[in-house]
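Participant: This is query-v8.txt, which holds compact mmCIF, C-alpha atoms:
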# COMPACT_ATOMS: atom_id res chain seq x y z
CA MET A 15 -73.19 145.47 111.08
CA THR A 16 -70.75 143.90 113.53
CA ARG A 17 -67.14 143.23 112.63
CA LEU A 18 -67.43 139.46 112.16
CA PRO A 19 -70.36 139.53 109.68
CA PHE A 20 -68.57 142.31 107.79
CA ARG A 21 -65.42 140.20 107.45
CA LEU A 22 -67.39 137.13 106.41
CA ALA A 23 -69.41 139.14 103.89
CA LEU A 24 -66.27 140.60 102.35
CA LEU A 25 -64.60 137.23 101.99
CA ALA A 26 -67.85 135.64 100.79
CA ILE A 27 -67.95 138.12 97.92
CA ALA A 28 -64.45 137.05 96.91
CA PHE A 29 -65.04 133.31 97.17
CA GLY A 30 -68.62 133.42 95.88
CA SER A 31 -67.66 135.39 92.81
CA PHE A 32 -64.76 133.08 92.13
CA GLY A 33 -66.82 130.26 90.65
CA ALA A 34 -68.99 132.53 88.53
CA SER A 35 -65.96 134.38 87.23
CA THR A 36 -64.16 131.16 86.20
CA GLN A 37 -66.43 130.77 83.18
CA ILE A 38 -65.85 134.39 82.21
CA ALA A 39 -62.11 133.87 82.55
CA ALA A 40 -62.20 130.91 80.16
CA GLN A 41 -64.17 132.88 77.58
CA GLU A 42 -61.86 135.86 77.80
CA SER A 43 -58.50 134.10 78.23
CA ALA A 44 -57.32 135.08 74.77
CA ARG A 45 -58.20 138.72 75.34
CA SER A 46 -56.70 138.85 78.85
CA ASP A 47 -53.38 137.52 77.51
CA ARG A 48 -52.60 141.03 76.33
CA TYR A 49 -52.05 142.08 79.92
CA GLY A 50 -48.72 141.56 81.61
CA THR A 51 -47.83 138.79 84.00
CA TRP A 52 -47.07 141.32 86.77
CA THR A 53 -49.51 143.35 88.85
CA PHE A 54 -48.60 146.00 91.43
CA ASP A 55 -50.86 147.16 94.27
CA LEU A 56 -50.76 150.11 96.66
CA GLY A 57 -53.30 151.28 99.23
CA GLY A 58 -54.25 152.31 102.73
CA GLN A 59 -54.70 149.77 105.50
CA LEU A 60 -56.56 149.41 108.77
CA ALA A 61 -55.59 146.72 111.28
CA GLN A 62 -58.10 145.54 113.89
CA PRO A 63 -56.54 143.51 116.75
CA ILE A 64 -58.27 140.34 117.96
CA GLY A 65 -57.99 138.20 121.09
CA GLU A 66 -55.62 139.38 123.82
CA PHE A 67 -54.12 141.97 121.50
CA ARG A 68 -57.48 143.74 121.26
CA SER A 69 -57.45 144.43 125.03
CA GLN A 70 -54.16 146.32 124.61
CA ILE A 71 -54.41 148.03 121.22
CA ASP A 72 -57.46 149.68 119.69
CA ARG A 73 -56.46 149.75 116.01
CA ALA A 74 -53.58 150.57 113.68
CA TRP A 75 -53.40 152.58 110.45
CA GLY A 76 -50.86 152.42 107.66
CA VAL A 77 -50.01 151.69 104.04
CA GLY A 78 -49.23 148.55 102.13
CA GLY A 79 -48.35 147.24 98.73
CA SER A 80 -47.96 143.98 96.86
CA VAL A 81 -46.35 142.51 93.77
CA ARG A 82 -48.18 139.67 92.01
CA TYR A 83 -46.87 137.30 89.38
CA HIS A 84 -49.51 135.60 87.19
CA MET A 85 -48.71 132.21 85.67
CA ARG A 86 -49.26 132.46 81.91
CA GLU A 87 -49.77 128.71 81.51
CA LEU A 88 -52.25 128.50 84.42
CA ARG A 89 -54.04 131.84 84.72
CA LEU A 90 -55.86 130.96 87.96
CA LEU A 91 -52.59 130.51 89.87
CA GLY A 92 -50.24 133.27 90.96
CA LEU A 93 -47.57 134.21 93.47
CA ARG A 94 -47.68 137.40 95.54
CA GLY A 95 -45.43 139.25 97.91
CA ASP A 96 -46.83 141.81 100.36
CA ALA A 97 -45.28 144.52 102.52
CA SER A 98 -47.05 146.87 104.93
CA TRP A 99 -46.31 149.36 107.66
CA LEU A 100 -48.78 150.08 110.48
CA ASN A 101 -48.77 152.62 113.30
CA TYR A 102 -50.77 151.98 116.47
CA GLY A 103 -49.65 154.77 118.80
CA ASN A 104 -47.89 158.15 118.97
CA GLU A 105 -46.60 160.29 121.80
CA THR A 106 -44.99 163.76 121.54
CA LYS A 107 -43.16 165.74 124.22
CA ASN A 108 -41.44 169.13 124.08
CA VAL A 109 -38.13 168.71 125.93
CA PRO A 110 -34.76 170.51 126.30
CA LEU A 111 -32.16 169.51 123.74
CA SER A 112 -29.82 168.42 126.56
CA PRO A 113 -29.20 169.12 130.26
CA THR A 114 -26.53 171.68 129.30
CA VAL A 115 -28.50 173.23 126.42
CA ASN A 116 -31.70 173.67 128.38
CA ARG A 117 -32.92 176.80 126.55
CA VAL A 118 -33.25 175.00 123.23
CA PHE A 119 -36.33 172.81 123.01
CA VAL A 120 -37.09 170.02 120.56
CA ASP A 121 -40.06 167.80 119.89
CA MET A 122 -39.43 164.22 120.99
CA ARG A 123 -41.83 161.89 119.20
CA THR A 124 -42.32 158.23 120.07
CA THR A 125 -44.14 155.93 117.65
CA ASN A 126 -45.33 152.33 118.00
CA ASN A 127 -45.21 150.45 114.72
CA ILE A 128 -45.55 147.10 112.96
CA ALA A 129 -43.74 146.19 109.73
CA LEU A 130 -44.74 143.11 107.70
CA ALA A 131 -43.23 141.27 104.74
CA THR A 132 -44.91 138.09 103.45
CA ILE A 133 -45.10 135.86 100.38
CA GLY A 134 -47.41 133.08 99.25
CA PRO A 135 -49.62 131.52 96.53
CA GLU A 136 -52.73 133.18 95.17
CA LEU A 137 -55.80 131.97 93.28
CA LEU A 138 -57.25 134.74 91.12
CA ILE A 139 -59.49 135.57 88.22
CA SER A 140 -57.52 137.76 85.79
CA SER A 141 -60.43 138.81 83.54
CA GLY A 142 -64.03 139.92 83.81
CA PRO A 143 -65.77 142.94 85.38
CA VAL A 144 -65.25 141.63 88.94
CA ARG A 145 -62.05 139.74 89.75
CA PRO A 146 -61.97 137.90 93.08
CA TYR A 147 -58.83 136.44 94.59
CA ALA A 148 -57.83 134.37 97.62
CA TYR A 149 -54.37 133.71 99.02
CA ALA A 150 -52.28 132.31 101.86
CA PHE A 151 -49.00 133.71 103.10
CA ALA A 152 -46.04 133.35 105.44
CA GLY A 153 -43.31 135.78 106.33
CA TYR A 154 -41.91 138.08 109.01
CA SER A 155 -43.55 140.68 111.25
CA TYR A 156 -41.58 143.24 113.25
CA PHE A 157 -43.02 145.17 116.22
CA TYR A 158 -40.93 148.18 117.20
CA THR A 159 -41.08 151.43 119.17
CA GLU A 160 -38.92 154.31 117.97
CA SER A 161 -38.19 157.76 119.39
CA SER A 162 -36.94 160.69 117.31
CA ALA A 163 -36.04 164.33 117.94
CA GLY A 164 -36.76 167.27 115.65
CA ASP A 165 -37.23 171.03 115.97
CA ASP A 166 -40.44 172.27 117.54
CA ASN A 167 -41.60 173.91 114.28
CA GLY A 168 -42.51 170.62 112.64
CA GLY A 169 -39.14 170.07 110.98
CA GLU A 170 -37.55 166.75 110.09
CA ALA A 171 -36.01 164.55 112.77
CA PHE A 172 -32.26 164.88 113.21
CA ALA A 173 -31.80 161.91 115.58
CA SER A 174 -33.68 158.69 116.32
CA THR A 175 -33.32 155.44 118.23
CA THR A 176 -35.23 152.17 118.57
CA ASN A 177 -36.37 151.81 122.17
CA PHE A 178 -37.80 148.28 121.94
CA ASP A 179 -38.46 145.65 119.28
CA ASP A 180 -39.60 142.07 118.76
CA GLY A 181 -40.00 140.12 115.53
CA GLY A 182 -40.85 136.66 114.29
CA TRP A 183 -42.83 134.36 112.04
CA ALA A 184 -46.20 135.51 110.64
CA THR A 185 -48.76 133.45 108.71
CA GLY A 186 -52.34 133.83 107.52
CA TRP A 187 -54.80 133.99 104.66
CA GLY A 188 -56.98 136.56 102.93
CA GLY A 189 -59.06 137.52 99.94
CA GLY A 190 -60.66 140.38 98.08
CA VAL A 191 -61.93 141.67 94.76
CA ARG A 192 -60.59 143.94 92.04
CA ILE A 193 -62.77 146.00 89.72
CA PRO A 194 -60.74 146.91 86.61
CA VAL A 195 -60.61 150.21 84.76
CA VAL A 196 -58.41 150.33 81.63
CA VAL A 197 -56.30 153.48 81.51
CA ARG A 198 -54.14 153.94 78.41
CA SER A 199 -51.11 151.62 78.53
CA VAL A 200 -51.96 149.97 81.86
CA GLU A 201 -54.88 148.10 83.30
CA ALA A 202 -55.85 149.73 86.59
CA ALA A 203 -58.33 148.47 89.16
CA PHE A 204 -59.88 149.33 92.50
CA ASP A 205 -58.84 146.74 95.07
CA VAL A 206 -60.61 145.95 98.35
CA GLY A 207 -59.92 143.03 100.65
CA ALA A 208 -59.12 141.63 104.08
CA ARG A 209 -56.65 139.20 105.57
CA LEU A 210 -56.05 137.53 108.92
CA THR A 211 -52.46 137.89 110.15
CA ARG A 212 -51.31 135.55 112.92
CA ASN A 213 -48.11 136.62 114.68
CA GLY A 214 -48.21 134.35 117.72
CA THR A 215 -47.05 135.76 121.06
CA ARG A 216 -45.07 139.02 120.95
CA SER A 217 -43.60 141.60 123.28
CA TYR A 218 -44.39 145.22 122.42
CA LEU A 219 -44.95 148.69 123.85
CA ARG A 220 -47.88 151.04 123.64
CA SER A 221 -48.14 154.77 124.45
CA GLY A 222 -47.08 155.45 128.03
CA ASP A 223 -44.95 152.31 128.45
CA ILE A 224 -41.70 154.32 128.41
CA ILE A 225 -41.20 156.40 131.57
CA ASP A 226 -38.55 159.12 131.91
CA LEU A 227 -36.99 158.78 135.38
CA PRO A 228 -35.53 161.69 137.42
CA ASP A 229 -31.99 160.33 136.98
CA ARG A 230 -32.44 160.66 133.16
CA THR A 231 -32.71 156.90 132.61
CA LEU A 232 -35.70 155.11 131.13
CA ALA A 233 -38.08 152.57 132.58
CA ILE A 234 -39.50 150.37 129.79
CA ASN A 235 -42.56 148.27 130.57
CA PRO A 236 -43.26 145.85 127.70
CA ARG A 237 -46.47 143.87 127.29
CA ARG A 238 -46.52 140.26 126.11
CA THR A 239 -49.65 138.76 124.58
CA SER A 240 -50.82 137.13 121.39
CA ALA A 241 -50.62 139.73 118.62
CA ASP A 242 -53.02 138.63 115.88
CA PHE A 243 -55.11 141.04 113.84
CA TRP A 244 -57.29 141.52 110.79
CA GLN A 245 -55.99 143.79 108.05
CA TYR A 246 -58.37 145.62 105.73
CA HIS A 247 -57.14 147.42 102.64
CA LEU A 248 -58.52 149.74 99.99
CA GLY A 249 -56.33 150.79 97.11
CA VAL A 250 -55.48 150.55 93.44
CA SER A 251 -53.63 147.99 91.34
CA PHE A 252 -52.14 148.23 87.88
CA SER A 253 -50.69 145.87 85.31
CA PRO A 254 -48.72 146.99 82.22
CA ARG A 255 -50.24 145.91 78.93
CA ARG A 256 -48.57 143.53 76.52
CA ARG A 257 -48.85 143.79 72.77
CA ASP A 258 -51.80 141.80 71.42
CA ARG A 259 -50.64 138.73 69.57
CA GLY A 260 -51.45 138.46 65.91
CA ARG A 261 -52.05 142.22 65.53
Since I need it in another form, could you write the structure as structure tokens?
Facilitator:
Amino acid sequence: MTRLPFRLALLAIAFGSFGASTQIAAQESARSDRYGTWTFDLGGQLAQPIGEFRSQIDRAWGVGGSVRYHMRELRLLGLRGDASWLNYGNETKNVPLSPTVNRVFVDMRTTNNIALATIGPELLISSGPVRPYAYAFAGYSYFYTESSAGDDNGGEAFASTTNFDDGGWATGWGGGVRIPVVVRSVEAAFDVGARLTRNGTRSYLRSGDIIDLPDRTLAINPRRTSADFWQYHLGVSFSPRRRDRGR
């Protein structure tokens, strides 16, 4: 299955199940009221670049999480905030600690990353065996390349610097489904979904775009293209339970 049909199929499940689940939500609204108005999500993410960005970057991997607030008076409407971190390139070199301490070697690691923070409205079904949701968002995305130095035995970094960065406005939309599993005092669920993140035109680096010159200076060769991508996530969500009313 190609990428586009897969994306459409995933979002079709969310939107198609939405109408069928609305009736279930109405029937179970009293029962679902025992769950809290807050839901927390955490999971792994895969970003697939599109357009010009795809010709420069293959893919990015990372983690993400969200906080959702469910309106008690209008259960179909919510507000969500998302944050994610993605890595799309790594480069490691074993180099002398300094020109004067040239018998001590350290690992110099350079990483290319994207950080995102967004917020927006969400339509969701908060009850039933399958709970689809759809949302829109706006926020900030930050592309940055960072180098750090640590010992060559895999130890923690003791120094780091940001070599290049660019940030700006990000918007988009997405959807997914949650399949709940009640675990003791919380309601947990498996969560799968996708979203389209539009960042506009950005400047960024990829592996090999920083060159160490003989005079110990750096040559930095940024790329500037559109930087839009699809994000896919698979994770878990949980919502603390409230006490049942009238019991």
Participant: Write out as a PyMOL selection string which residues come within 12 Å of A:Ala233 when counting all atoms listed in the file, dropping same-chain ones fewer than 2 positions away.
Facilitator: chain A and resi 177-178+219+222-231+235-236
Participant: Tell me which of A:Val118, A:Ala163, A:Val144, A:Ala208 sits closest to A:Val195, counting all atoms listed in the file.
Facilitator: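 Using all atoms listed in the file, the shortest distance to A:Val195 belongs to A:Val144.
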Participant: Using all atoms listed in the file, which residue out of A:Thr175, A:Thr114, A:Ser251, A:Ser155 lies closest to A:Thr215?
Facilitator: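 Using all atoms listed in the file, A:Thr215 sits closest to A:Ser155.
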Participant: Of the candidates A:Tyr218, A:Ser141, A:Gly190, A:Val200, which shows the shortest atom-to-atom distance to A:Glu160, using only C-alpha atoms?
Facilitator: A:Tyr218
Participant: For atom CA of A:Gly207 and atom CA of A:Tyr147, determine how far apart the two atoms are, in Å to one decimal place.
Facilitator: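 Here the two named atoms are 9.0 Å from each other.
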Participant: In Å, how far is it from atom CA of A:Asn104 to atom CA of A:Ala173?
Facilitator: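 Interatomic distance here is 16.9 Å.
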Participant: List as a PyMOL selection string the protein and nucleic acid residues near A:Pro110, meaning an atom at most 10 Å away when all atoms listed in the file are counted, but skip any in the same chain fewer than 3 places from it.
Facilitator: chain A and resi 107+113-122
Participant: When you count only C-alpha atoms, which of these residues is closest to A:Pro135: A:Leu91, A:Val77, A:Ala202, A:Met85?
Facilitator: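 The answer is A:Leu91, which sits nearest to A:Pro135.
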Participant: Go through A:Phe243, A:Phe252, A:Phe157, A:Trp52 and flag the residue nearest A:Ile64, using all atoms listed in the file for the distances.
Facilitator: A:Phe243
Participant: So the first atom is atom CA of A:Gly58 and the second is atom CA of A:Gly76; what is the distance between them in Å, to one decimal place?
Facilitator: 6.0 Å
Participant: Rank A:Asn108, A:Thr159, A:Thr51, A:Ser98 by their smallest atom-to-atom distance to A:Arg82, using all atoms listed in the file, and report the top residue only.
Facilitator: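 Closest to A:Arg82, using all atoms listed in the file: A:Thr51.
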